[in-house]
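One file, protein-v6.cif, is given below (mmCIF, C-alpha atoms).
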data_query
loop_
_atom_site.label_atom_id
_atom_site.label_comp_id
_atom_site.auth_asym_id
_atom_site.auth_seq_id
_atom_site.Cartn_x
_atom_site.Cartn_y
_atom_site.Cartn_z
CA ALA D 1 13.48 11.23 -7.17
CA GLN D 2 10.22 9.76 -8.36
CA LYS D 3 10.75 7.12 -11.00
CA ILE D 4 7.14 7.26 -12.19
CA THR D 5 5.17 10.47 -12.06
CA GLN D 6 1.47 10.80 -12.65
CA THR D 7 0.61 14.46 -12.25
CA GLN D 8 -3.15 14.16 -12.54
CA PRO D 9 -4.74 12.96 -9.29
CA GLY D 10 -8.16 13.06 -10.94
CA MET D 11 -9.64 13.38 -14.41
CA PHE D 12 -13.18 13.75 -15.70
CA VAL D 13 -14.35 12.77 -19.16
CA GLN D 14 -17.72 12.56 -20.80
CA GLU D 15 -18.90 9.24 -22.10
CA LYS D 16 -17.79 8.51 -25.69
CA GLU D 17 -15.03 11.10 -25.53
CA ALA D 18 -11.31 10.32 -25.52
CA VAL D 19 -9.09 11.01 -22.53
CA THR D 20 -5.33 11.07 -21.99
CA LEU D 21 -3.77 10.07 -18.69
CA ASP D 22 -0.25 11.36 -18.24
CA CYS D 23 2.78 9.41 -17.12
CA THR D 24 6.42 10.39 -17.12
CA TYR D 25 9.28 8.20 -16.00
CA ASP D 26 12.88 8.48 -15.01
CA THR D 27 15.48 5.85 -15.73
CA SER D 28 19.07 5.63 -16.88
CA ASP D 29 18.51 2.12 -18.13
CA GLN D 30 18.28 1.65 -21.90
CA SER D 31 16.01 -1.34 -21.63
CA TYR D 32 12.79 -1.00 -19.74
CA GLY D 33 9.10 -1.72 -20.00
CA LEU D 34 6.14 0.49 -19.29
CA PHE D 35 2.77 -0.76 -18.11
CA TRP D 36 -0.67 0.59 -17.40
CA TYR D 37 -3.03 -1.03 -14.93
CA LYS D 38 -6.64 -0.26 -14.09
CA GLN D 39 -7.95 -0.62 -10.55
CA PRO D 40 -11.75 -0.47 -10.18
CA SER D 41 -13.34 0.13 -6.80
CA SER D 42 -13.34 -3.63 -6.22
CA GLY D 43 -9.56 -3.44 -5.83
CA GLU D 44 -8.26 -5.84 -8.44
CA MET D 45 -5.43 -4.63 -10.66
CA ILE D 46 -6.18 -5.22 -14.33
CA PHE D 47 -3.33 -5.18 -16.83
CA LEU D 48 -4.17 -2.94 -19.78
CA ILE D 49 -1.20 -2.34 -22.03
CA TYR D 50 2.57 -2.72 -22.33
CA GLN D 51 5.24 -0.73 -24.17
CA GLY D 52 8.85 -1.83 -24.46
CA SER D 53 11.56 0.78 -24.66
CA TYR D 54 12.75 -0.57 -28.01
CA ASP D 55 9.31 -0.79 -29.53
CA GLU D 56 9.15 1.70 -32.38
CA GLN D 57 5.40 1.71 -32.65
CA ASN D 58 3.00 2.83 -29.97
CA ALA D 59 1.23 -0.06 -28.29
CA THR D 60 -2.49 -0.45 -28.82
CA GLU D 61 -5.02 -2.74 -27.19
CA GLY D 62 -8.58 -2.15 -28.28
CA ARG D 63 -9.65 1.27 -26.99
CA TYR D 64 -6.34 1.72 -25.17
CA SER D 65 -3.27 3.14 -26.79
CA LEU D 66 0.01 4.27 -25.34
CA ASN D 67 1.50 7.52 -26.59
CA PHE D 68 5.18 6.70 -26.13
CA GLN D 69 7.58 9.62 -26.46
CA LYS D 70 10.96 8.23 -25.53
CA ALA D 71 12.92 11.47 -25.73
CA ARG D 72 10.47 13.11 -23.35
CA LYS D 73 10.27 9.98 -21.21
CA SER D 74 6.54 9.97 -21.30
CA ALA D 75 4.10 7.11 -21.72
CA ASN D 76 0.62 8.55 -21.72
CA LEU D 77 -2.42 6.31 -21.84
CA VAL D 78 -5.13 7.27 -24.30
CA ILE D 79 -8.59 5.82 -23.81
CA SER D 80 -10.85 6.34 -26.78
CA ALA D 81 -14.65 6.31 -26.70
CA SER D 82 -14.83 6.34 -22.90
CA GLN D 83 -17.41 4.17 -21.22
CA LEU D 84 -18.95 4.46 -17.77
CA GLY D 85 -17.15 1.26 -16.82
CA ASP D 86 -13.82 2.98 -17.41
CA SER D 87 -14.25 4.89 -14.15
CA ALA D 88 -11.41 3.63 -11.97
CA MET D 89 -7.90 4.35 -10.73
CA TYR D 90 -5.23 4.03 -13.37
CA PHE D 91 -1.62 3.27 -12.50
CA CYS D 92 1.43 3.65 -14.69
CA ALA D 93 4.33 1.35 -13.88
CA MET D 94 7.86 0.68 -15.09
CA ARG D 95 10.13 -2.32 -15.02
CA GLU D 96 13.83 -1.71 -15.49
CA PHE D 97 15.42 -4.72 -17.09
CA TYR D 98 18.51 -4.65 -14.92
CA ASN D 99 16.15 -5.32 -12.02
CA THR D 100 13.72 -7.65 -13.71
CA ASP D 101 11.58 -8.49 -10.76
CA LYS D 102 10.17 -5.18 -9.67
CA LEU D 103 7.43 -2.97 -10.98
CA ILE D 104 7.62 0.65 -9.90
CA PHE D 105 4.21 2.26 -9.69
CA GLY D 106 3.09 5.83 -9.99
CA THR D 107 0.63 7.40 -7.58
CA GLY D 108 -2.30 6.85 -9.89
CA THR D 109 -4.99 8.91 -11.59
CA ARG D 110 -8.65 8.57 -10.72
CA LEU D 111 -10.76 8.73 -13.86
CA GLN D 112 -14.45 9.54 -13.65
CA VAL D 113 -16.58 9.03 -16.75
CA PHE D 114 -19.89 10.87 -16.69
CA PRO D 115 -22.90 10.42 -18.97
CA GLY I 1 -5.53 -17.23 -19.12
CA ALA I 2 -3.23 -15.69 -16.49
CA VAL I 3 -5.68 -15.75 -13.61
CA VAL I 4 -4.52 -15.15 -10.08
CA SER I 5 -6.78 -15.83 -7.13
CA GLN I 6 -6.46 -14.64 -3.59
CA HIS I 7 -8.14 -15.95 -0.46
CA PRO I 8 -9.73 -14.68 1.66
CA SER I 9 -11.04 -11.57 -0.02
CA ARG I 10 -11.88 -9.98 3.30
CA VAL I 11 -10.90 -10.81 6.85
CA ILE I 12 -11.58 -9.28 10.23
CA CYS I 13 -9.51 -10.46 13.16
CA LYS I 14 -8.70 -9.56 16.72
CA SER I 15 -5.47 -7.87 17.65
CA GLY I 16 -2.77 -10.39 18.43
CA THR I 17 -3.98 -13.13 16.12
CA SER I 18 -2.27 -14.30 12.94
CA VAL I 19 -3.84 -14.18 9.52
CA LYS I 20 -2.83 -16.20 6.47
CA ILE I 21 -3.53 -14.98 2.94
CA GLU I 22 -3.18 -17.31 -0.02
CA CYS I 23 -2.23 -16.33 -3.55
CA ARG I 24 -2.65 -18.84 -6.36
CA SER I 25 -1.86 -18.74 -10.05
CA LEU I 26 -4.71 -20.78 -11.50
CA ASP I 27 -3.68 -21.49 -15.06
CA PHE I 28 0.04 -20.89 -15.18
CA GLN I 29 3.10 -21.59 -13.12
CA ALA I 30 4.71 -18.71 -11.33
CA THR I 31 8.23 -19.04 -10.03
CA THR I 32 8.00 -15.51 -8.75
CA MET I 33 5.16 -13.87 -6.91
CA PHE I 34 4.95 -10.49 -5.26
CA TRP I 35 3.16 -9.12 -2.24
CA TYR I 36 1.99 -5.54 -2.10
CA ARG I 37 0.25 -3.40 0.44
CA GLN I 38 -2.02 -0.54 -0.48
CA PHE I 39 -3.31 2.15 1.84
CA PRO I 40 -6.52 4.00 0.95
CA LYS I 41 -6.12 6.30 -2.02
CA GLN I 42 -2.44 5.47 -2.35
CA SER I 43 -0.33 3.47 -4.73
CA LEU I 44 0.88 -0.07 -4.29
CA MET I 45 3.86 -0.58 -2.02
CA LEU I 46 5.95 -3.66 -2.73
CA MET I 47 6.51 -5.64 0.45
CA ALA I 48 8.43 -8.64 -0.79
CA THR I 49 9.31 -10.83 -3.72
CA SER I 50 8.50 -14.49 -3.25
CA ASN I 51 10.51 -17.10 -5.15
CA GLU I 52 9.44 -20.72 -5.28
CA GLY I 53 11.63 -22.90 -3.15
CA SER I 54 13.68 -20.12 -1.62
CA LYS I 55 13.41 -17.37 0.92
CA ALA I 56 11.49 -14.25 0.10
CA THR I 57 13.28 -10.99 -0.56
CA TYR I 58 11.84 -8.23 1.57
CA GLU I 59 11.83 -4.54 0.77
CA GLN I 60 13.53 -2.13 3.09
CA GLY I 61 11.44 -1.38 6.15
CA VAL I 62 9.27 -4.50 5.91
CA GLU I 63 9.58 -6.76 8.94
CA LYS I 64 10.23 -10.30 7.76
CA ASP I 65 9.25 -11.77 11.12
CA LYS I 66 5.98 -9.89 11.00
CA PHE I 67 5.07 -10.77 7.43
CA LEU I 68 5.97 -14.39 6.78
CA ILE I 69 6.02 -15.48 3.17
CA ASN I 70 6.07 -19.05 1.96
CA HIS I 71 6.21 -20.00 -1.72
CA ALA I 72 5.98 -23.75 -1.46
CA SER I 73 4.88 -24.55 -5.00
CA LEU I 74 4.81 -23.03 -8.46
CA THR I 75 1.21 -22.00 -8.01
CA LEU I 76 0.92 -20.96 -4.39
CA SER I 77 2.42 -18.27 -2.19
CA THR I 78 1.15 -17.41 1.27
CA LEU I 79 1.53 -14.29 3.37
CA THR I 80 1.02 -14.63 7.11
CA VAL I 81 0.57 -11.50 9.15
CA THR I 82 1.73 -12.57 12.59
CA SER I 83 0.39 -11.03 15.78
CA ALA I 84 -1.66 -8.57 13.79
CA HIS I 85 -2.33 -5.11 15.16
CA PRO I 86 -4.72 -2.38 14.01
CA GLU I 87 -1.95 -0.64 12.08
CA ASP I 88 -1.64 -3.77 9.93
CA SER I 89 -5.15 -3.12 8.60
CA SER I 90 -4.77 -2.59 4.90
CA PHE I 91 -5.42 -3.94 1.44
CA TYR I 92 -2.96 -6.70 0.57
CA ILE I 93 -2.61 -7.69 -3.04
CA CYS I 94 -0.44 -10.33 -4.63
CA SER I 95 0.78 -10.75 -8.16
CA ALA I 96 2.45 -13.47 -10.17
CA ARG I 97 5.01 -12.95 -12.87
CA GLY I 98 3.77 -14.18 -16.21
CA SER I 99 4.32 -13.73 -19.91
CA LEU I 100 2.57 -11.54 -22.41
CA PRO I 101 1.72 -12.90 -25.87
CA GLY I 102 4.78 -11.17 -27.28
CA GLY I 103 7.07 -12.85 -24.80
CA GLU I 104 7.60 -9.92 -22.48
CA GLU I 105 6.91 -10.33 -18.81
CA THR I 106 4.28 -8.66 -16.75
CA GLN I 107 2.62 -9.18 -13.41
CA TYR I 108 -0.88 -10.54 -13.11
CA PHE I 109 -2.63 -9.46 -9.94
CA GLY I 110 -4.98 -11.18 -7.59
CA PRO I 111 -8.19 -9.50 -6.46
CA GLY I 112 -6.71 -8.45 -3.13
CA THR I 113 -7.50 -9.08 0.52
CA ARG I 114 -8.90 -6.44 2.83
CA LEU I 115 -7.62 -6.99 6.34
CA LEU I 116 -9.19 -5.26 9.31
CA VAL I 117 -7.61 -5.79 12.70
CA LEU I 118 -9.77 -4.80 15.64
#

Written as structure tokens, that's how I'd like the structure from this file.
Amino acid sequence: AQKITQTQPGMFVQEKEAVTLDCTYDTSDQSYGLFWYKQPSSGEMIFLIYQGSYDEQNATEGRYSLNFQKARKSANLVISASQLGDSAMYFCAMREFYNTDKLIFGTGTRLQVFP
Amino acid sequence: GAVVSQHPSRVICKSGTSVKIECRSLDFQATTMFWYRQFPKQSLMLMATSNEGSKATYEQGVEKDKFLINHASLTLSTLTVTSAHPEDSSFYICSARGSLPGGEETQYFGPGTRLLVL
């Protein structure tokens, strides 16, 4: 079974609008961390935001926020006020604390921001 | 802070030759580094976990004799693709385990290396 599922292979959003990228996860561990990374066409992986499973508040980092719904096991990324430079691949990842070394990545969502 | 460099960024080699890729944590020490492989339009596939001063832990299906990993210091891990063949052509990306401001751990990634084997 997929541990991280990103159901949207591609998304389009107009500049200055908000967009939500979906991510659901599967774990039996009580302690885990959820991450979002951005990968522009250059290939580098840029860390965006982190949410711990025990964090009661949704994580926010500038224009990025994580809509964490623990009961639904979802960790959607919300990008507000989209910019052209936000066009990239976005990967959701999970780290289960019983296996502290590994990040498990989803298949990614390609976001295209148009003027 | 938390910058990871990778060298070379791009390499073209002939089939049968070996290629070494370096991964460095520039402003922090990393006892653990990771090597990933990424095929076009696909997600990252973890190849191995590299621990300073000890042998790397390889994921199932990854040939340890083919992909040699050395983590000789707290800031440097190297991946050597031995006797490279065209099917080894890929994007290789490393990461180093580091800390977030809140104390949690994350992985900081290098810019990747595009390998083309002719």

- Message: Please check the contacts: residues of chain I at most 6 Å away from chain D, using all atoms listed in the file, listed as a PyMOL selection string.
- Response: chain I and resi 43+109+111

- Message: With 6 Å as the threshold, what does the neighbourhood of (-1.2, -13.6, -18.1) contain in terms of residues, counting all atoms listed in the file? Coordinates are those of the file; answer as a VMD selection string.
- Response: chain I and resid 1 to 2 98 to 99 108

Restricted to C-alpha atoms, what would the selected residues look like written as a PDB file, keeping the file's coordinate frame?
ATOM      1  CA  GLY I   1      -5.530 -17.230 -19.120  1.00  0.00           C
ATOM      2  CA  ALA I   2      -3.230 -15.690 -16.490  1.00  0.00           C
ATOM      3  CA  GLY I  98       3.770 -14.180 -16.210  1.00  0.00           C
ATOM      4  CA  SER I  99       4.320 -13.730 -19.910  1.00  0.00           C
ATOM      5  CA  TYR I 108      -0.880 -10.540 -13.110  1.00  0.00           C
TER       6      TYR I 108
END

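Selection by the PyMOL selection byres ((chain I and resi 60-63) around 12) on the present file picks out Trp35, Tyr36, Arg37, Met45, Leu46, Met47, Ala48, Thr49, Ala56, Thr57, Tyr58, Glu59, Lys64, Asp65, Lys66, Phe67, Leu68, Ile69, Thr80, Val81, Thr82 and Asp88 of chain I.
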
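Interatomic distance, atom CA of Leu111 of chain D against atom CA of Arg97 of chain I: 26.8 Å.
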
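Distance annotation: of D:Ile4, D:Ala88, D:Met11, D:Val19, the residue with the minimal separation from Ser65 of chain D is D:Val19; atom set is only C-alpha atoms.
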
- Taken to one decimal, the atom CA of Gln8 of chain D-atom CA of Leu77 of chain D distance is 12.2 Å

- Message: List as a PyMOL selection string the protein and nucleic acid residues near Leu115 of chain I, meaning an atom at most 12 Å away when all atoms listed in the file are counted, but skip any in the same chain fewer than 2 places from it.
- Response: chain I and resi 7-15+18-21+37-39+80-81+84-93+112-113+117-118
